$ cat work10.txt   # compact mmCIF, C-alpha atoms
# COMPACT_ATOMS: atom_id res chain seq x y z
CA MET A 1 18.00 10.69 -5.67
CA SER A 2 19.54 7.27 -6.16
CA ALA A 3 16.25 5.56 -7.03
CA ARG A 4 15.59 4.88 -10.70
CA ALA A 5 12.36 6.17 -12.26
CA SER A 6 9.93 3.44 -13.34
CA TRP A 7 8.27 5.66 -15.96
CA LYS A 8 8.80 9.02 -17.65
CA GLY A 9 6.37 11.09 -19.67
CA PHE A 10 3.82 13.88 -19.26
CA LEU A 11 0.89 14.64 -16.97
CA ARG A 12 -1.73 16.10 -19.30
CA ILE A 13 -4.83 18.02 -18.21
CA ARG A 14 -6.61 19.30 -21.32
CA LEU A 15 -4.00 21.58 -23.00
CA VAL A 16 -1.62 21.66 -20.00
CA SER A 17 1.28 19.18 -20.21
CA ILE A 18 3.70 18.75 -17.32
CA PRO A 19 6.86 16.62 -17.70
CA VAL A 20 6.83 14.03 -14.92
CA LYS A 21 8.44 10.77 -13.82
CA ALA A 22 7.16 7.98 -11.58
CA TYR A 23 8.95 6.09 -8.82
CA THR A 24 7.46 2.93 -7.37
CA ALA A 25 6.28 3.48 -3.79
CA ALA A 26 7.08 -0.09 -2.73
CA ALA A 27 10.30 -0.34 -0.72
CA SER A 28 12.78 -2.91 -2.01
CA GLY A 29 13.97 -5.52 0.44
CA ALA A 30 10.91 -5.09 2.67
CA LYS A 31 9.95 -8.74 2.20
CA ILE A 32 11.99 -11.85 2.87
CA ARG A 33 12.00 -14.20 -0.11
CA LEU A 34 12.63 -17.91 0.40
CA ASN A 35 14.24 -19.95 -2.39
CA GLN A 36 13.04 -23.40 -3.43
CA LEU A 37 15.61 -26.14 -2.75
CA HIS A 38 15.83 -29.85 -3.46
CA ARG A 39 14.87 -31.55 -0.18
CA ASP A 40 17.66 -34.16 -0.35
CA CYS A 41 20.72 -32.05 -1.23
CA HIS A 42 19.50 -28.43 -0.69
CA SER A 43 20.56 -27.40 -4.20
CA PRO A 44 18.49 -24.53 -5.69
CA VAL A 45 15.67 -25.66 -7.97
CA LYS A 46 16.10 -23.99 -11.36
CA TYR A 47 13.35 -23.22 -13.81
CA ARG A 48 14.01 -24.13 -17.42
CA LYS A 49 11.80 -23.25 -20.39
CA VAL A 50 10.91 -26.52 -22.05
CA CYS A 51 9.00 -27.31 -25.25
CA ALA A 52 6.96 -30.54 -25.08
CA ILE A 53 8.37 -31.58 -28.50
CA HIS A 54 11.91 -30.17 -28.66
CA GLY A 55 12.89 -30.02 -24.98
CA GLU A 56 14.73 -27.05 -23.49
CA VAL A 57 14.63 -23.89 -25.67
CA GLU A 58 16.65 -20.67 -25.73
CA ALA A 59 15.06 -17.29 -24.97
CA GLU A 60 15.46 -16.06 -28.58
CA SER A 61 13.34 -19.01 -29.81
CA ILE A 62 10.32 -18.00 -27.71
CA VAL A 63 7.41 -15.97 -29.11
CA SER A 64 4.13 -14.79 -27.59
CA GLY A 65 0.83 -16.44 -28.38
CA TYR A 66 -2.84 -16.48 -27.36
CA HIS A 67 -4.64 -19.74 -26.58
CA TYR A 68 -8.01 -19.45 -28.38
CA ALA A 69 -9.05 -23.14 -28.56
CA LYS A 70 -7.88 -26.52 -27.23
CA GLY A 71 -4.31 -27.01 -28.49
CA ARG A 72 -4.63 -23.97 -30.78
CA TYR A 73 -2.64 -20.74 -30.47
CA VAL A 74 -2.36 -17.59 -32.54
CA VAL A 75 1.15 -16.09 -32.54
CA ILE A 76 1.43 -12.37 -31.75
CA ASP A 77 4.67 -10.83 -33.05
CA SER A 78 6.51 -8.12 -31.07
CA ASP A 79 6.35 -5.85 -34.15
CA GLU A 80 2.56 -6.24 -34.20
CA LEU A 81 2.40 -5.29 -30.53
CA GLU A 82 4.54 -2.24 -31.21
CA LYS A 83 2.04 -1.05 -33.84
CA LEU A 84 -0.68 -1.03 -31.18
CA ARG A 85 1.20 1.58 -29.16
CA ARG A 86 0.03 5.17 -29.50
CA ASP A 87 1.74 8.53 -29.12
CA SER A 88 -0.20 8.92 -25.85
CA ASP A 89 1.59 5.94 -24.30
CA LYS A 90 3.93 8.36 -22.56
CA VAL A 91 1.13 10.43 -21.08
CA VAL A 92 -0.86 10.37 -17.85
CA GLU A 93 -4.12 11.57 -19.41
CA VAL A 94 -6.43 13.07 -16.78
CA GLU A 95 -10.06 12.18 -17.47
CA GLY A 96 -11.45 14.38 -14.71
CA PHE A 97 -11.46 15.20 -11.01
CA LEU A 98 -13.36 13.46 -8.22
CA PRO A 99 -13.95 14.17 -4.53
CA ASP A 100 -11.60 12.23 -2.23
CA GLY A 101 -13.04 8.83 -1.37
CA ALA A 102 -15.07 8.55 -4.59
CA VAL A 103 -13.17 5.38 -5.61
CA ASP A 104 -13.95 2.40 -3.39
CA PRO A 105 -10.68 1.00 -1.89
CA LEU A 106 -11.81 -2.42 -3.18
CA TYR A 107 -10.68 -1.31 -6.64
CA LEU A 108 -7.24 -0.08 -5.60
CA SER A 109 -4.75 -2.73 -6.77
CA GLY A 110 -2.02 -1.89 -4.24
CA LYS A 111 0.41 -0.69 -6.92
CA ASP A 112 1.42 2.88 -6.09
CA TYR A 113 3.89 5.37 -7.54
CA PHE A 114 5.21 8.78 -6.55
CA LEU A 115 4.64 11.10 -9.51
CA VAL A 116 7.12 14.01 -9.46
CA PRO A 117 8.03 16.78 -11.92
CA GLU A 118 10.81 16.01 -14.42
CA GLY A 119 13.28 18.92 -14.48
CA PRO A 120 12.67 22.60 -13.64
CA VAL A 121 10.17 23.30 -16.45
CA GLY A 122 7.15 21.61 -14.85
CA GLN A 123 7.79 22.54 -11.21
CA LYS A 124 5.40 25.48 -10.96
CA ALA A 125 2.53 23.89 -12.91
CA TYR A 126 2.92 20.69 -10.86
CA ALA A 127 2.80 22.66 -7.59
CA LEU A 128 -0.28 24.62 -8.73
CA ILE A 129 -2.26 21.51 -9.67
CA ARG A 130 -1.27 19.70 -6.47
CA GLU A 131 -2.16 22.74 -4.33
CA VAL A 132 -5.64 23.14 -5.82
CA MET A 133 -6.36 19.40 -5.52
CA SER A 134 -5.32 19.50 -1.86
CA GLU A 135 -7.30 22.67 -1.20
CA ARG A 136 -10.49 21.20 -2.70
CA GLY A 137 -10.07 17.66 -1.36
CA GLN A 138 -10.01 16.19 -4.86
CA SER A 139 -8.32 13.33 -6.68
CA ALA A 140 -7.80 12.92 -10.43
CA LEU A 141 -8.91 9.94 -12.51
CA ALA A 142 -6.47 9.28 -15.36
CA LYS A 143 -5.26 6.75 -17.92
CA ILE A 144 -1.68 5.60 -18.49
CA VAL A 145 0.15 2.77 -20.24
CA LEU A 146 2.25 0.88 -17.67
CA THR A 147 4.19 -2.35 -18.30
CA GLY A 148 2.70 -2.60 -21.77
CA ARG A 149 -0.98 -2.29 -20.86
CA GLU A 150 -3.41 0.57 -20.41
CA GLN A 151 -4.28 1.23 -16.78
CA ILE A 152 -6.68 3.55 -15.01
CA VAL A 153 -5.07 5.39 -12.11
CA LEU A 154 -6.01 7.70 -9.27
CA LEU A 155 -3.84 10.75 -8.56
CA ARG A 156 -4.04 12.29 -5.10
CA PRO A 157 -1.94 14.85 -3.22
CA LEU A 158 0.28 13.67 -0.37
CA GLY A 159 2.35 16.44 1.19
CA ARG A 160 4.34 18.01 -1.65
CA LEU A 161 3.84 15.01 -3.94
CA LEU A 162 1.20 13.43 -6.15
CA VAL A 163 0.67 9.72 -5.54
CA MET A 164 -0.49 7.61 -8.50
CA SER A 165 -2.44 4.46 -7.56
CA VAL A 166 -3.40 1.81 -10.12
CA ILE A 167 -7.14 0.99 -10.17
CA SER A 168 -8.40 -2.49 -11.07
CA TYR A 169 -10.93 -2.80 -13.88
CA ALA A 170 -14.42 -3.99 -12.92
CA GLY A 171 -13.77 -7.40 -14.50
CA GLU A 172 -10.66 -7.88 -12.33
CA VAL A 173 -12.59 -7.63 -9.04
CA LYS A 174 -15.20 -10.15 -7.89
CA ASP A 175 -18.73 -8.77 -7.57
CA PRO A 176 -19.50 -8.27 -3.84
CA ALA A 177 -23.15 -9.13 -4.51
CA ALA A 178 -22.08 -12.74 -5.16
CA PHE A 179 -21.30 -13.11 -1.43
CA GLU A 180 -24.25 -11.25 0.10
CA ASP A 181 -26.31 -14.45 0.44
CA GLU A 182 -23.88 -15.56 3.15
CA VAL A 183 -24.88 -12.59 5.35
CA GLU A 184 -28.24 -12.87 7.09
CA GLU A 185 -30.65 -9.96 7.41
CA GLY A 186 -30.44 -9.91 11.22
CA GLN A 187 -32.67 -7.74 13.38
CA VAL A 188 -30.90 -5.58 15.97
CA THR A 189 -32.39 -3.80 18.96
CA ALA A 190 -31.96 -0.15 19.90
CA ALA A 191 -29.94 -1.18 22.97
CA GLU A 192 -27.57 -3.27 20.84
CA LEU A 193 -27.10 -0.39 18.40
CA GLU A 194 -26.31 2.03 21.21
CA LEU A 195 -23.70 -0.31 22.71
CA ALA A 196 -22.14 -0.88 19.28
CA ARG A 197 -21.93 2.90 18.76
CA LYS A 198 -20.22 3.30 22.16
CA LEU A 199 -17.78 0.50 21.30
CA ILE A 200 -16.80 2.15 18.00
CA ASP A 201 -16.61 5.63 19.59
CA ALA A 202 -14.31 4.33 22.34
CA ALA A 203 -12.08 2.55 19.81
CA THR A 204 -11.91 5.43 17.29
CA LEU A 205 -8.37 6.58 16.40
CA ASP A 206 -7.35 10.18 15.76
CA ALA A 207 -5.01 9.28 12.90
CA PHE A 208 -3.04 6.45 11.29
CA ASP A 209 0.73 6.40 11.81
CA PRO A 210 2.35 3.72 9.58
CA ALA A 211 5.56 3.93 11.64
CA GLY A 212 3.65 2.62 14.63
CA TYR A 213 3.10 -0.78 12.99
CA LYS A 214 5.67 -3.47 12.29
CA ASN A 215 5.47 -6.64 10.24
CA GLN A 216 5.77 -9.05 13.15
CA TYR A 217 5.78 -12.10 10.89
CA THR A 218 8.84 -10.78 9.03
CA GLU A 219 10.57 -10.05 12.35
CA ARG A 220 9.88 -13.58 13.62
CA LEU A 221 11.03 -15.07 10.30
CA THR A 222 14.27 -13.03 10.51
CA GLU A 223 14.87 -14.32 14.05
CA LEU A 224 14.22 -17.89 12.88
CA ILE A 225 16.71 -17.54 9.99
CA GLU A 226 19.38 -16.03 12.27
CA ALA A 227 18.88 -18.79 14.86
CA LYS A 228 19.22 -21.55 12.24
CA VAL A 229 22.30 -19.91 10.67
CA GLU A 230 23.92 -19.74 14.13
CA GLY A 231 22.86 -23.30 14.98
CA ARG A 232 20.72 -22.26 17.96
CA GLU A 233 17.76 -24.32 19.17
CA ILE A 234 14.37 -23.24 17.84
CA VAL A 235 11.84 -22.66 20.62
CA ALA A 236 8.21 -22.81 19.56
CA ALA A 237 6.04 -19.87 20.60
CA PRO A 238 3.15 -20.71 22.94
CA ALA A 239 -0.09 -21.36 21.08
CA PRO A 240 -2.58 -18.48 21.45
CA GLU A 241 -5.79 -19.16 23.32
CA GLU A 242 -8.90 -19.67 21.21
CA PRO A 243 -11.24 -16.66 21.49
CA GLN A 244 -14.31 -17.44 23.57
CA VAL A 245 -17.71 -16.99 21.95
CA ILE A 246 -19.94 -15.24 24.47
CA GLU A 247 -23.38 -13.63 24.40
CA LEU A 248 -23.43 -10.52 22.17
CA MET A 249 -24.65 -7.94 24.70
CA GLU A 250 -22.22 -9.18 27.36
CA ALA A 251 -19.37 -9.02 24.86
CA LEU A 252 -20.33 -5.48 23.81
CA ARG A 253 -20.58 -4.23 27.41
CA SER A 254 -17.23 -5.76 28.37
CA SER A 255 -15.55 -4.38 25.23
CA VAL A 256 -16.95 -0.88 25.80
CA ALA A 257 -15.77 -0.90 29.43
CA ARG A 258 -12.25 -1.95 28.44
CA ALA A 259 -12.05 0.58 25.60
CA GLU A 260 -13.27 3.43 27.82
CA LYS A 261 -10.68 2.56 30.50
CA ALA A 262 -7.91 2.55 27.89
CA GLN A 263 -9.16 5.86 26.47
CA ALA A 264 -9.24 7.42 29.95
CA ARG A 265 -5.58 6.48 30.55
CA THR A 266 -4.36 8.08 27.30
CA PRO A 267 -4.79 11.79 28.27
CA ARG A 268 -2.84 11.20 31.52
CA LYS A 269 0.05 9.78 29.52
CA ARG A 270 -0.01 12.79 27.22
CA LYS A 271 -0.02 15.21 30.20
CA THR A 272 2.91 13.36 31.80
CA ALA A 273 4.83 13.49 28.52
CA LYS A 274 4.14 17.24 28.22
CA LYS A 275 5.33 17.83 31.80
CA LYS A 276 8.54 15.90 31.09
CA MET A 277 9.13 17.93 27.92
CA ALA A 278 8.53 21.20 29.78
CA SER A 279 10.83 20.13 32.63
CA SER A 280 13.52 19.14 30.12
CA ALA A 281 13.21 22.50 28.35
CA ARG A 282 13.57 24.38 31.67
CA ALA A 283 16.62 22.30 32.57
CA LYS A 284 18.23 23.08 29.21
CA ARG A 285 17.59 26.82 29.67
CA THR A 286 19.09 26.68 33.18
CA VAL A 287 22.23 24.89 31.96
CA SER A 288 22.54 27.31 29.04
CA GLY A 289 22.23 30.28 31.42
CA ARG A 290 24.92 28.87 33.73
CA LYS A 291 27.27 28.39 30.79
CA ARG A 292 26.81 32.01 29.69
CA LYS A 293 27.48 33.26 33.25
CA THR A 294 30.57 31.07 33.54
CA GLY A 295 31.91 32.37 30.23
$ encode --input "work10.txt" --output "structure tokens"
Amino acid sequence: MSARASWKGFLRIRLVSIPVKAYTAAASGAKIRLNQLHRDCHSPVKYRKVCAIHGEVEAESIVSGYHYAKGRYVVIDSDELEKLRRDSDKVVEVEGFLPDGAVDPLYLSGKDYFLVPEGPVGQKAYALIREVMSERGQSALAKIVLTGREQIVLLRPLGRLLVMSVISYAGEVKDPAAFEDEVEEGQVTAAELELARKLIDAATLDAFDPAGYKNQYTERLTELIEAKVEGREIVAAPAPEEPQVIELMEALRSSVARAEKAQARTPRKRKTAKKKMASSARAKRTVSGRKRKTG
């Protein structure tokens, strides 16, 4: 594997230690990054580290500090930070196991890693733990030190791998209760509930296929960049129509009817595809048989 591991250490569950390494799950180059340029000459804007008293400073002259009062800082030396590190800093320490879905997605930070065994020693133990977690529908809550700070993470099986997702601390996520006043306690009728259930039933998906979705903004931005590089004229896309606000029950009935029509068309497409596959298979067998006879 050409990818470079982001972290190496041990997955520890009580007295069991498994050598593992982590690869970031984020694909490099998936996003287009725009540089900041000077508007007049298009030269790149550089960032220099400047001291208000001495002007520009070199990297070796910079230390870390904590702002504890107006204009007051306490300097934290790198040696002092090193003393805070523990022997367990190279360990994914499992706190315990939870049923899948026990952690609200609100607390998942979006930072994910593939945790894989390091070398042949931990292969069997890794496979055993992953298999039991998958069999029981469980995830593991653990602690790890990543990028110099202690993080809580969720480990869950995905195929033959364990995925490690960083969880935000409670203080890093806004309290949902702070926004509940903006939602009214509306009364709904039985008829409205039944239509809403039908709408959701008709729009329910069997599974999620990430390959079926594309970042359309990135595609349009790529096309824009290519057009400007080639000197082609930029044609503005037509503005989308504003959605019409209509009466709730009418909107629900119309939406249910559309969704049910779309759902009814899907099985026919699947049957047609199956017939084509079967026809193709028969054709291949016929051609193969002719070749054998000819030979």
$ residues_around --input "work10.txt" --residues "segment 56-70 of chain A" --least-positions-apart "5" --cutoff "12 Å" --atoms "only C-alpha atoms" --output "PDB file with C-alpha atoms, in the frame of the given file"
ATOM      1  CA  TYR A  47      13.350 -23.220 -13.810  1.00  0.00           C
ATOM      2  CA  ARG A  48      14.010 -24.130 -17.420  1.00  0.00           C
ATOM      3  CA  LYS A  49      11.800 -23.250 -20.390  1.00  0.00           C
ATOM      4  CA  VAL A  50      10.910 -26.520 -22.050  1.00  0.00           C
ATOM      5  CA  CYS A  51       9.000 -27.310 -25.250  1.00  0.00           C
ATOM      6  CA  VAL A  75       1.150 -16.090 -32.540  1.00  0.00           C
ATOM      7  CA  ILE A  76       1.430 -12.370 -31.750  1.00  0.00           C
ATOM      8  CA  ASP A  77       4.670 -10.830 -33.050  1.00  0.00           C
ATOM      9  CA  SER A  78       6.510  -8.120 -31.070  1.00  0.00           C
ATOM     10  CA  ASP A  79       6.350  -5.850 -34.150  1.00  0.00           C
ATOM     11  CA  GLU A  80       2.560  -6.240 -34.200  1.00  0.00           C
ATOM     12  CA  LEU A  81       2.400  -5.290 -30.530  1.00  0.00           C
TER      13      LEU A  81
END
$ residues_around --input "work10.txt" --residues "segment 33-43 of chain A" --least-positions-apart "5" --cutoff "12 Å" --atoms "only C-alpha atoms" --output "short mmCIF file (atom, residue, chain, number, x, y, z; two decimals) with C-alpha atoms, keeping the file's coordinate frame"
data_model
loop_
_atom_site.label_atom_id
_atom_site.label_comp_id
_atom_site.auth_asym_id
_atom_site.auth_seq_id
_atom_site.Cartn_x
_atom_site.Cartn_y
_atom_site.Cartn_z
CA SER A 28 12.78 -2.91 -2.01
CA THR A 218 8.84 -10.78 9.03
CA LEU A 221 11.03 -15.07 10.30
CA THR A 222 14.27 -13.03 10.51
CA ILE A 225 16.71 -17.54 9.99
#
$ atom_distance --input "work10.txt" --atom1 "atom CA of Arg232 of chain A" --atom2 "atom CA of Glu219 of chain A"
16.8 Å
$ atom_distance --input "work10.txt" --atom1 "atom CA of Val121 of chain A" --atom2 "atom CA of Val94 of chain A"
19.5 Å
$ atom_distance --input "work10.txt" --atom1 "atom CA of Ser139 of chain A" --atom2 "atom CA of Ser6 of chain A"
21.8 Å
$ residues_around --input "work10.txt" --residues "segment 252-260 of chain A" --least-positions-apart "4" --cutoff "7 Å" --atoms "only C-alpha atoms" --output "list in words"
Leu195, Ala196, Lys198, Leu199, Ala202, Ala203, Leu248 and Ala264 of chain A
$ closest_residue --input "work10.txt" --among "A:Asp89, A:Leu108, A:Leu98, A:Val188" --to "Arg149 of chain A" --atoms "only C-alpha atoms"
A:Asp89
$ closest_residue --input "work10.txt" --among "A:Leu141, A:Ala25, A:Ala52, A:Leu115" --to "Gly96 of chain A" --atoms "only C-alpha atoms"
A:Leu141
